file upload.cif (mmCIF, C-alpha atoms)
data_entry
#
loop_
_atom_site.label_atom_id
_atom_site.label_comp_id
_atom_site.auth_asym_id
_atom_site.auth_seq_id
_atom_site.Cartn_x
_atom_site.Cartn_y
_atom_site.Cartn_z
CA MET U 1 -51.34 156.25 68.92
CA LYS U 2 -49.58 156.50 65.57
CA LYS U 3 -47.01 159.20 64.87
CA LYS U 4 -48.05 161.80 62.33
CA ILE U 5 -46.08 162.24 59.11
CA SER U 6 -44.76 165.82 58.96
CA PHE U 7 -43.79 165.80 55.27
CA SER U 8 -42.60 163.66 52.37
CA THR U 9 -40.16 164.37 49.54
CA LYS U 10 -38.32 162.55 46.76
CA GLY U 11 -35.23 164.72 46.94
CA GLN U 12 -33.08 166.20 44.19
CA ARG U 13 -31.01 164.40 41.55
CA ALA U 14 -27.27 164.38 42.25
CA ASP U 15 -25.97 161.73 39.84
CA ILE U 16 -22.35 160.59 39.78
CA ASP U 17 -21.09 158.85 36.66
CA ASN U 18 -23.48 155.95 35.92
CA LEU U 19 -25.13 156.01 39.36
CA THR U 20 -28.56 157.61 39.77
CA ILE U 21 -28.59 159.45 43.09
CA TYR U 22 -31.38 161.24 44.96
CA ARG U 23 -30.28 163.68 47.69
CA LEU U 24 -32.94 163.27 50.38
CA LEU U 25 -31.37 165.16 53.30
CA ALA U 26 -30.90 168.04 53.78
CA ASN U 27 -34.08 169.14 51.98
CA ARG U 28 -36.39 172.16 51.82
CA TYR U 29 -38.25 170.99 54.92
CA ALA U 30 -35.46 169.79 57.23
CA ASP U 31 -31.72 170.25 57.72
CA ALA U 32 -31.31 167.17 59.93
CA VAL U 33 -33.00 164.23 61.61
CA GLY U 34 -31.36 163.74 64.98
CA PRO U 35 -27.61 163.74 64.24
CA PHE U 36 -28.15 162.76 60.56
CA VAL U 37 -27.38 165.78 58.36
CA PHE U 38 -27.10 164.17 54.92
CA LEU U 39 -28.65 161.26 53.04
CA ASP U 40 -28.10 160.12 49.47
CA HIS U 41 -30.15 157.29 47.97
CA ILE U 42 -28.07 155.58 45.27
CA ALA U 43 -31.02 154.14 43.41
CA LEU U 44 -31.31 150.52 42.30
CA THR U 45 -29.57 150.11 38.95
CA VAL U 46 -29.20 147.06 36.75
CA HIS U 47 -25.87 147.19 34.90
CA THR U 48 -25.68 145.17 31.71
CA ALA U 49 -22.67 142.97 31.03
CA LYS U 50 -21.48 145.38 28.33
CA ALA U 51 -21.92 148.53 30.41
CA GLU U 52 -18.75 150.05 31.79
CA THR U 53 -18.53 150.69 35.52
CA LYS U 54 -16.27 153.38 36.88
CA LYS U 55 -13.13 151.88 38.39
CA SER U 56 -11.61 154.96 39.99
CA GLY U 57 -14.32 155.72 42.55
CA THR U 58 -16.03 159.03 43.25
CA GLY U 59 -12.67 160.78 43.47
CA GLN U 60 -10.69 161.41 46.62
CA HIS U 61 -12.09 164.16 48.84
CA PRO U 62 -11.81 165.29 52.49
CA HIS U 63 -14.18 165.14 55.44
CA ARG U 64 -14.04 166.56 58.95
CA GLY U 65 -16.48 166.69 61.86
CA ILE U 66 -18.77 163.84 60.77
CA ALA U 67 -19.04 160.09 60.45
CA THR U 68 -20.08 158.66 57.09
CA LEU U 69 -22.05 155.44 56.77
CA THR U 70 -22.69 153.63 53.49
CA TYR U 71 -25.19 150.77 53.62
CA ILE U 72 -24.86 148.64 50.50
CA LEU U 73 -28.06 146.79 49.65
CA ASN U 74 -26.66 145.54 46.33
CA GLY U 75 -23.18 145.86 44.96
CA GLU U 76 -19.55 145.97 45.96
CA GLY U 77 -18.14 149.00 47.72
CA GLU U 78 -14.41 149.69 47.83
CA HIS U 79 -12.90 152.17 50.28
CA TYR U 80 -9.50 153.86 50.46
CA ASP U 81 -8.43 156.59 52.87
CA SER U 82 -5.42 158.63 53.90
CA ARG U 83 -5.05 156.70 57.17
CA GLY U 84 -4.12 153.56 55.26
CA ASN U 85 -7.51 151.83 55.41
CA HIS U 86 -8.56 149.78 52.39
CA ALA U 87 -11.46 147.31 52.23
CA LYS U 88 -14.19 145.89 50.03
CA VAL U 89 -17.71 145.41 51.36
CA TYR U 90 -20.32 143.35 49.52
CA SER U 91 -24.13 143.27 49.25
CA GLY U 92 -25.75 143.74 52.65
CA GLY U 93 -22.62 145.19 54.25
CA ILE U 94 -21.70 148.55 55.77
CA GLN U 95 -18.79 150.97 55.49
CA TRP U 96 -18.45 153.39 58.41
CA MET U 97 -15.83 156.10 58.72
CA LYS U 98 -15.36 158.63 61.50
CA ALA U 99 -13.71 161.61 59.84
CA GLY U 100 -12.95 163.18 63.21
CA ASN U 101 -10.24 165.84 62.86
CA GLY U 102 -9.73 165.23 59.17
CA ILE U 103 -9.32 162.50 56.56
CA ILE U 104 -9.30 162.04 52.79
CA HIS U 105 -11.16 159.07 51.33
CA ASP U 106 -12.29 157.60 48.05
CA GLU U 107 -15.03 155.05 47.48
CA ASN U 108 -16.57 153.21 44.60
CA LEU U 109 -19.76 151.18 44.05
CA ILE U 110 -19.89 148.56 41.30
CA PRO U 111 -21.89 145.34 40.81
CA ASP U 112 -21.08 142.62 43.33
CA SER U 113 -18.33 140.36 41.94
CA GLN U 114 -19.49 137.57 44.26
CA LYS U 115 -23.14 137.60 43.17
CA LYS U 116 -22.70 138.65 39.53
CA ASP U 117 -26.28 140.01 39.41
CA GLY U 118 -25.31 143.35 37.87
CA LEU U 119 -27.04 145.38 40.62
CA THR U 120 -26.00 148.45 42.58
CA HIS U 121 -28.13 150.03 45.32
CA ALA U 122 -27.04 151.88 48.47
CA PHE U 123 -27.65 154.65 50.99
CA GLN U 124 -25.03 157.05 52.32
CA PHE U 125 -25.56 158.95 55.56
CA TRP U 126 -23.52 161.69 57.24
CA ILE U 127 -23.78 161.75 61.05
CA ASN U 128 -22.89 164.97 62.84
CA LEU U 129 -20.38 164.31 65.61
CA PRO U 130 -20.46 166.03 69.01
CA SER U 131 -17.80 168.76 69.22
CA ILE U 132 -15.55 166.65 71.44
CA ASN U 133 -15.53 163.81 68.91
CA LYS U 134 -14.79 166.14 66.00
CA LYS U 135 -11.32 166.53 67.53
CA GLU U 136 -10.57 162.80 67.65
CA GLN U 137 -8.52 160.69 65.28
CA PRO U 138 -10.33 159.14 62.29
CA GLN U 139 -11.55 155.55 62.42
CA TYR U 140 -12.86 153.07 59.84
CA LEU U 141 -14.96 149.90 60.02
CA ALA U 142 -15.87 147.46 57.23
CA ILE U 143 -18.82 145.27 58.26
CA GLN U 144 -19.89 142.42 55.98
CA ALA U 145 -23.50 141.27 55.65
CA ASP U 146 -23.13 138.29 57.99
CA GLU U 147 -21.87 140.62 60.75
CA VAL U 148 -24.97 142.84 60.71
CA PRO U 149 -27.32 141.93 63.61
CA GLN U 150 -30.61 140.53 62.29
CA LYS U 151 -33.67 138.72 63.64
CA ASN U 152 -36.97 137.47 62.30
CA LEU U 153 -40.14 139.37 63.17
CA PRO U 154 -42.90 137.54 65.09
CA ASP U 155 -45.14 135.15 63.12
CA ASN U 156 -42.74 135.11 60.15
CA LYS U 157 -43.81 138.62 59.15
CA GLY U 158 -40.32 139.46 57.93
CA TRP U 159 -37.03 140.52 59.50
CA ILE U 160 -35.15 143.51 60.93
CA LYS U 161 -31.46 144.42 60.59
CA VAL U 162 -29.82 146.83 63.01
CA ILE U 163 -27.39 148.98 61.05
CA MET U 164 -26.83 151.42 63.94
CA GLY U 165 -27.99 151.46 67.54
CA GLU U 166 -30.03 148.75 69.23
CA TYR U 167 -33.28 146.86 68.84
CA GLU U 168 -34.31 144.47 71.63
CA ASN U 169 -31.29 142.15 72.00
CA LEU U 170 -29.58 143.27 68.78
CA VAL U 171 -26.67 145.73 69.03
CA SER U 172 -24.75 147.18 66.10
CA LYS U 173 -20.94 147.19 66.02
CA ILE U 174 -20.93 150.82 64.91
CA PRO U 175 -20.08 153.34 67.67
CA ASN U 176 -22.79 155.75 68.81
CA TYR U 177 -21.83 159.20 70.09
CA SER U 178 -25.44 160.02 70.94
CA LYS U 179 -28.70 158.05 70.98
CA GLN U 180 -29.34 157.04 67.36
CA ILE U 181 -30.89 154.21 65.39
CA LEU U 182 -30.83 152.95 61.80
CA TYR U 183 -32.90 149.88 60.86
CA HIS U 184 -33.60 147.98 57.66
CA ILE U 185 -36.99 146.26 58.00
CA HIS U 186 -38.40 143.73 55.53
CA ILE U 187 -42.12 142.90 55.71
CA GLU U 188 -43.65 140.02 53.78
CA ALA U 189 -46.58 140.50 51.39
CA GLY U 190 -49.88 141.22 53.14
CA GLU U 191 -48.23 141.69 56.56
CA GLN U 192 -47.76 144.66 58.88
CA PHE U 193 -45.35 145.55 61.65
CA SER U 194 -45.18 148.39 64.19
CA ILE U 195 -42.21 150.03 65.89
CA GLU U 196 -42.63 151.76 69.22
CA THR U 197 -40.79 155.08 69.13
CA GLU U 198 -39.02 156.84 71.97
CA ILE U 199 -40.15 160.27 73.14
CA GLY U 200 -37.45 162.84 72.53
CA LEU U 201 -35.98 161.16 69.45
CA GLU U 202 -36.50 162.34 65.88
CA TYR U 203 -37.53 159.75 63.26
CA ALA U 204 -37.58 159.48 59.47
CA ALA U 205 -37.98 156.69 56.93
CA VAL U 206 -37.27 155.89 53.28
CA LEU U 207 -38.85 153.31 50.98
CA PRO U 208 -36.04 151.99 48.75
CA GLU U 209 -38.07 150.10 46.12
CA GLN U 210 -41.76 149.48 46.89
CA ASN U 211 -44.82 151.45 47.92
CA ALA U 212 -46.21 150.89 51.41
CA ILE U 213 -48.86 152.11 53.84
CA ILE U 214 -47.20 153.93 56.73
CA ASN U 215 -49.45 155.08 59.55
CA GLU U 216 -52.45 154.84 57.20
CA SER U 217 -50.82 157.02 54.49
CA GLU U 218 -49.75 155.61 51.13
CA ILE U 219 -46.06 156.32 50.60
CA HIS U 220 -44.40 155.72 47.26
CA ALA U 221 -41.10 154.06 46.41
CA GLY U 222 -38.17 156.46 46.76
CA GLU U 223 -39.98 158.81 49.14
CA PHE U 224 -38.38 160.20 52.29
CA ILE U 225 -40.76 160.96 55.15
CA GLU U 226 -40.20 162.59 58.53
CA PHE U 227 -42.43 162.09 61.55
CA ASP U 228 -43.59 164.57 64.16
CA ARG U 229 -41.89 164.92 67.52
CA ASP U 230 -44.72 163.39 69.56
CA GLY U 231 -44.59 159.82 70.85
CA GLY U 232 -46.36 156.93 69.19
CA THR U 233 -45.84 154.04 66.82
CA ILE U 234 -44.70 153.68 63.23
CA GLU U 235 -46.92 151.09 61.52
CA ILE U 236 -45.79 149.68 58.17
CA LYS U 237 -48.09 147.64 55.93
CA SER U 238 -47.16 145.89 52.70
CA ASN U 239 -49.77 145.24 50.05
CA SER U 240 -51.24 141.81 49.47
CA GLU U 241 -48.87 140.89 46.62
CA THR U 242 -45.47 142.45 47.24
CA PRO U 243 -43.08 142.42 50.22
CA VAL U 244 -41.77 145.81 51.29
CA ASP U 245 -38.45 147.10 52.62
CA ILE U 246 -38.11 150.26 54.66
CA ILE U 247 -35.17 152.16 56.16
CA VAL U 248 -36.05 153.79 59.51
CA PHE U 249 -33.54 156.10 61.19
CA GLY U 250 -33.21 158.91 63.70
CA GLY U 251 -31.96 159.89 67.10
CA GLU U 252 -31.45 162.64 69.62
CA ALA U 253 -31.59 166.16 68.27
CA TYR U 254 -28.16 167.72 67.73
CA THR U 255 -28.07 170.64 70.17
CA GLU U 256 -24.69 172.23 69.40
CA PRO U 257 -24.35 174.89 66.68
CA THR U 258 -24.01 173.41 63.18
CA PHE U 259 -22.04 175.03 60.36
CA ALA U 260 -21.72 173.03 57.16
CA GLU U 261 -19.77 173.83 54.03
CA GLY U 262 -18.83 171.32 51.37
CA PRO U 263 -17.48 168.14 53.01
CA PHE U 264 -17.05 169.71 56.45
CA VAL U 265 -19.60 169.94 59.28
CA MET U 266 -18.35 171.90 62.29
CA ASN U 267 -19.62 174.05 65.16
CA SER U 268 -18.57 177.52 63.94
CA ASP U 269 -17.49 179.43 60.85
CA LYS U 270 -14.03 179.66 62.38
CA GLU U 271 -13.80 175.87 62.55
CA ILE U 272 -14.91 175.61 58.90
CA GLY U 273 -12.05 177.93 57.97
CA GLU U 274 -9.61 175.81 60.01
CA ALA U 275 -10.86 172.66 58.30
CA TYR U 276 -10.10 174.14 54.86
CA ARG U 277 -6.72 175.52 55.93
CA ASP U 278 -5.64 172.17 57.38
CA PHE U 279 -6.77 170.38 54.23
CA TYR U 280 -4.85 172.72 51.90
CA ALA U 281 -1.83 172.45 54.21
CA GLY U 282 -1.80 168.69 53.66
CA LYS U 283 -2.60 167.79 57.27
CA TYR U 284 -5.16 165.12 56.29
CA GLY U 285 -2.52 162.99 54.59
CA GLU U 286 -2.60 161.25 51.23
CA ILE U 287 -4.17 158.06 49.88
CA ASN U 288 -1.81 155.29 48.86
CA TYR U 289 -3.75 153.28 46.27
CA HIS U 290 -0.94 150.75 45.88
CA GLN U 291 -0.61 149.56 49.48
#
call {"tool": "encode", "arguments": {"input": "upload.cif", "output": "structure tokens"}}
result
Amino acid sequence: MKKKISFSTKGQRADIDNLTIYRLLANRYADAVGPFVFLDHIALTVHTAKAETKKSGTGQHPHRGIATLTYILNGEGEHYDSRGNHAKVYSGGIQWMKAGNGIIHDENLIPDSQKKDGLTHAFQFWINLPSINKKEQPQYLAIQADEVPQKNLPDNKGWIKVIMGEYENLVSKIPNYSKQILYHIHIEAGEQFSIETEIGLEYAAVLPEQNAIINESEIHAGEFIEFDRDGGTIEIKSNSETPVDIIVFGGEAYTEPTFAEGPFVMNSDKEIGEAYRDFYAGKYGEINYHQ
């Protein structure tokens, strides 16, 4: 039995500088999918040699109560934070940061200096942390493309990368604080592939660049879809001429109260107030860009 698609949306524009961004989650239909409370699609952009790319990042800003995950399909992402972490991640890599009890970070996405193809393309997720983990110290991981678990699909139909969670014998390096998955699946032209879902988990998917048939419905490039809560499979078909990529993610429903304001996601209004007070009191530290 195939899972039913509950809704689809293309999100709202939320551009930053020269990056075209579609805010897919939260949306008018859903506030979260499992623990995922936020998703930005930084759309594929071809930067010409003469075009200027922003060097200073998105601007330093705080977070508390969540983990952020940026999956870079194309480009070069640079990260700084107030805990002294600094790294560059290239096409196919991942930046993950647990904000925990408070951190300030800055990040930038420019064309990959190693590939020199002029492309930028990425997804950024926010993952709501359980209340106990919101109190923990921040943590950061930079994972390059060759460290992301990947395997070929049967009969050379394509491949699957495990960004978070597990798939068969593949296990991501990124910590899980509840049951959650995030896959990048590539299916060759004219092929199809099905994922068996787990009862009790919430699932959604995004098509980064190409149209595809998902559970017998035609879904267009850039669309975000969420599936119903019943069990079943997710079947993805590419057309006869073009391969297709799809991002599938989800997990256990977040059962604690959720209060979100700006860059903070906590469990009460009181905790939101504390998050702001601690930030303005300087308790999250400062970024040293010259370390």
call {"tool": "closest_residue", "arguments": {"input": "upload.cif", "among": "U:Ser268, U:Ser91, U:Gln192, U:Thr20", "to": "Trp159 in chain U", "atoms": "all atoms listed in the file"}}
result
U:Gln192
call {"tool": "resolve_selection", "arguments": {"input": "upload.cif", "expression": "the PyMOL selection byres ((chain U and resi 97-104) around 8)", "output": "ChimeraX atom specification"}}
result
/U:60-69,81-83,95-96,105-106,129,133-141,275,279,283-287
call {"tool": "atom_distance", "arguments": {"input": "upload.cif", "atom1": "CA of Ala26 in chain U", "atom2": "CA of Phe123 in chain U"}}
result
14.1 Å
call {"tool": "closest_residue", "arguments": {"input": "upload.cif", "among": "U:Asp40, U:Ala253, U:Ile236, U:Arg277", "to": "Glu218 in chain U", "atoms": "all atoms listed in the file"}}
result
U:Ile236
call {"tool": "atom_distance", "arguments": {"input": "upload.cif", "atom1": "CA of Lys116 in chain U", "atom2": "CA of Thr45 in chain U"}}
result
13.4 Å
call {"tool": "resolve_selection", "arguments": {"input": "upload.cif", "expression": "the PyMOL selection byres ((chain U and resi 222-226) around 6)", "output": "mmCIF file with C-alpha atoms, in the frame of the given file"}}
result
data_model
loop_
_atom_site.group_PDB
_atom_site.id
_atom_site.type_symbol
_atom_site.label_atom_id
_atom_site.label_comp_id
_atom_site.auth_asym_id
_atom_site.auth_seq_id
_atom_site.Cartn_x
_atom_site.Cartn_y
_atom_site.Cartn_z
ATOM 1 C CA ILE U 5 -46.080 162.240 59.110
ATOM 2 C CA SER U 6 -44.760 165.820 58.960
ATOM 3 C CA PHE U 7 -43.790 165.800 55.270
ATOM 4 C CA SER U 8 -42.600 163.660 52.370
ATOM 5 C CA THR U 9 -40.160 164.370 49.540
ATOM 6 C CA LYS U 10 -38.320 162.550 46.760
ATOM 7 C CA ALA U 204 -37.580 159.480 59.470
ATOM 8 C CA ALA U 205 -37.980 156.690 56.930
ATOM 9 C CA VAL U 206 -37.270 155.890 53.280
ATOM 10 C CA LEU U 207 -38.850 153.310 50.980
ATOM 11 C CA PRO U 208 -36.040 151.990 48.750
ATOM 12 C CA HIS U 220 -44.400 155.720 47.260
ATOM 13 C CA ALA U 221 -41.100 154.060 46.410
ATOM 14 C CA PHE U 227 -42.430 162.090 61.550
#
call {"tool": "axis_aligned_box", "arguments": {"input": "upload.cif", "around": "range 171-174 of chain U", "padding_each_side": "6 Å", "output": "AutoDock Vina command-line options"}}
result
--center_x -23.8 --center_y 148.3 --center_z 67.0 --size_x 17.7 --size_y 17.1 --size_z 16.1
call {"tool": "residues_around", "arguments": {"input": "upload.cif", "residues": "range 178-180 of chain U", "least_positions_apart": "2", "cutoff": "9 Å", "atoms": "only C-alpha atoms", "output": "PyMOL selection string"}}
result
chain U and resi 34-36+129-130+164-166+176+182+201+249-252+254
call {"tool": "closest_residue", "arguments": {"input": "upload.cif", "among": "U:Glu196, U:Glu147, U:Ser131, U:Ala189", "to": "Tyr177 in chain U", "atoms": "only C-alpha atoms"}}
result
U:Ser131
call {"tool": "decode", "arguments": {"input": "upload.cif", "residues": "range 111-213 of chain U", "atoms": "C-alpha atoms", "output": "tab-separated table (two decimals), in the first residue's frame"}}
result
chain	number	residue	atom	x	y	z
U	111	PRO	CA	30.46	28.63	-5.35
U	112	ASP	CA	32.77	25.71	-4.64
U	113	SER	CA	36.41	26.83	-4.97
U	114	GLN	CA	37.43	23.22	-5.59
U	115	LYS	CA	35.00	22.57	-8.46
U	116	LYS	CA	34.85	26.07	-9.95
U	117	ASP	CA	31.43	25.34	-11.51
U	118	GLY	CA	29.81	28.54	-10.23
U	119	LEU	CA	26.92	26.68	-8.55
U	120	THR	CA	25.24	27.07	-5.17
U	121	HIS	CA	22.41	24.83	-3.95
U	122	ALA	CA	21.55	23.73	-0.40
U	123	PHE	CA	18.92	22.86	2.18
U	124	GLN	CA	18.86	24.07	5.78
U	125	PHE	CA	16.84	22.26	8.44
U	126	TRP	CA	16.12	23.11	12.07
U	127	ILE	CA	15.58	20.09	14.34
U	128	ASN	CA	13.70	20.62	17.60
U	129	LEU	CA	15.66	19.19	20.51
U	130	PRO	CA	14.07	17.35	23.45
U	131	SER	CA	13.90	19.60	26.54
U	132	ILE	CA	16.78	17.80	28.24
U	133	ASN	CA	19.07	18.39	25.25
U	134	LYS	CA	18.13	22.07	25.02
U	135	LYS	CA	20.10	22.51	28.26
U	136	GLU	CA	23.30	20.92	26.94
U	137	GLN	CA	26.44	22.59	25.64
U	138	PRO	CA	26.57	23.41	21.91
U	139	GLN	CA	28.32	21.09	19.48
U	140	TYR	CA	29.44	21.35	15.84
U	141	LEU	CA	30.28	18.82	13.12
U	142	ALA	CA	31.66	19.42	9.62
U	143	ILE	CA	31.13	16.36	7.41
U	144	GLN	CA	32.66	16.32	3.92
U	145	ALA	CA	31.03	14.53	0.98
U	146	ASP	CA	33.24	11.44	1.19
U	147	GLU	CA	32.19	10.94	4.84
U	148	VAL	CA	28.46	10.76	4.05
U	149	PRO	CA	27.26	7.12	4.00
U	150	GLN	CA	26.14	6.11	0.51
U	151	LYS	CA	25.24	2.94	-1.38
U	152	ASN	CA	23.99	2.01	-4.82
U	153	LEU	CA	20.37	0.95	-5.24
U	154	PRO	CA	19.64	-2.56	-6.60
U	155	ASP	CA	20.01	-3.11	-10.36
U	156	ASN	CA	21.93	0.16	-10.81
U	157	LYS	CA	18.74	2.18	-10.34
U	158	GLY	CA	20.63	4.97	-8.59
U	159	TRP	CA	21.99	5.62	-5.10
U	160	ILE	CA	20.99	6.72	-1.60
U	161	LYS	CA	22.88	8.95	0.85
U	162	VAL	CA	22.06	8.90	4.55
U	163	ILE	CA	22.34	12.46	5.85
U	164	MET	CA	20.71	11.63	9.20
U	165	GLY	CA	19.58	8.38	10.79
U	166	GLU	CA	20.00	4.93	9.29
U	167	TYR	CA	19.17	2.99	6.15
U	168	GLU	CA	19.96	-0.75	6.10
U	169	ASN	CA	23.67	-0.91	7.00
U	170	LEU	CA	24.31	2.83	6.55
U	171	VAL	CA	24.50	5.02	9.67
U	172	SER	CA	25.02	8.77	9.71
U	173	LYS	CA	27.63	10.41	11.96
U	174	ILE	CA	25.10	13.02	13.06
U	175	PRO	CA	23.63	12.45	16.56
U	176	ASN	CA	19.94	11.60	16.84
U	177	TYR	CA	17.99	12.67	19.92
U	178	SER	CA	14.85	10.92	18.69
U	179	LYS	CA	14.03	8.60	15.79
U	180	GLN	CA	14.63	10.65	12.63
U	181	ILE	CA	15.79	10.18	9.05
U	182	LEU	CA	17.04	12.37	6.22
U	183	TYR	CA	17.93	10.76	2.87
U	184	HIS	CA	19.10	12.05	-0.51
U	185	ILE	CA	17.98	9.56	-3.18
U	186	HIS	CA	19.06	9.67	-6.83
U	187	ILE	CA	17.10	7.60	-9.36
U	188	GLU	CA	18.29	7.08	-12.92
U	189	ALA	CA	16.14	7.95	-15.94
U	190	GLY	CA	13.21	5.58	-16.47
U	191	GLU	CA	13.71	3.84	-13.10
U	192	GLN	CA	11.70	3.67	-9.89
U	193	PHE	CA	12.46	2.95	-6.26
U	194	SER	CA	10.31	2.42	-3.16
U	195	ILE	CA	11.01	3.11	0.50
U	196	GLU	CA	9.19	1.20	3.20
U	197	THR	CA	8.06	3.63	5.89
U	198	GLU	CA	7.76	3.00	9.61
U	199	ILE	CA	4.40	3.28	11.36
U	200	GLY	CA	4.44	6.10	13.88
U	201	LEU	CA	6.92	8.28	11.99
U	202	GLU	CA	6.02	11.40	10.02
U	203	TYR	CA	7.41	11.75	6.48
U	204	ALA	CA	7.89	14.53	3.93
U	205	ALA	CA	9.85	15.00	0.72
U	206	VAL	CA	11.23	17.73	-1.54
U	207	LEU	CA	12.21	17.62	-5.21
U	208	PRO	CA	15.28	19.86	-5.58
U	209	GLU	CA	15.48	20.16	-9.39
U	210	GLN	CA	13.34	17.74	-11.42
U	211	ASN	CA	9.73	16.63	-11.64
U	212	ALA	CA	8.88	13.09	-10.56
U	213	ILE	CA	5.98	10.71	-10.02
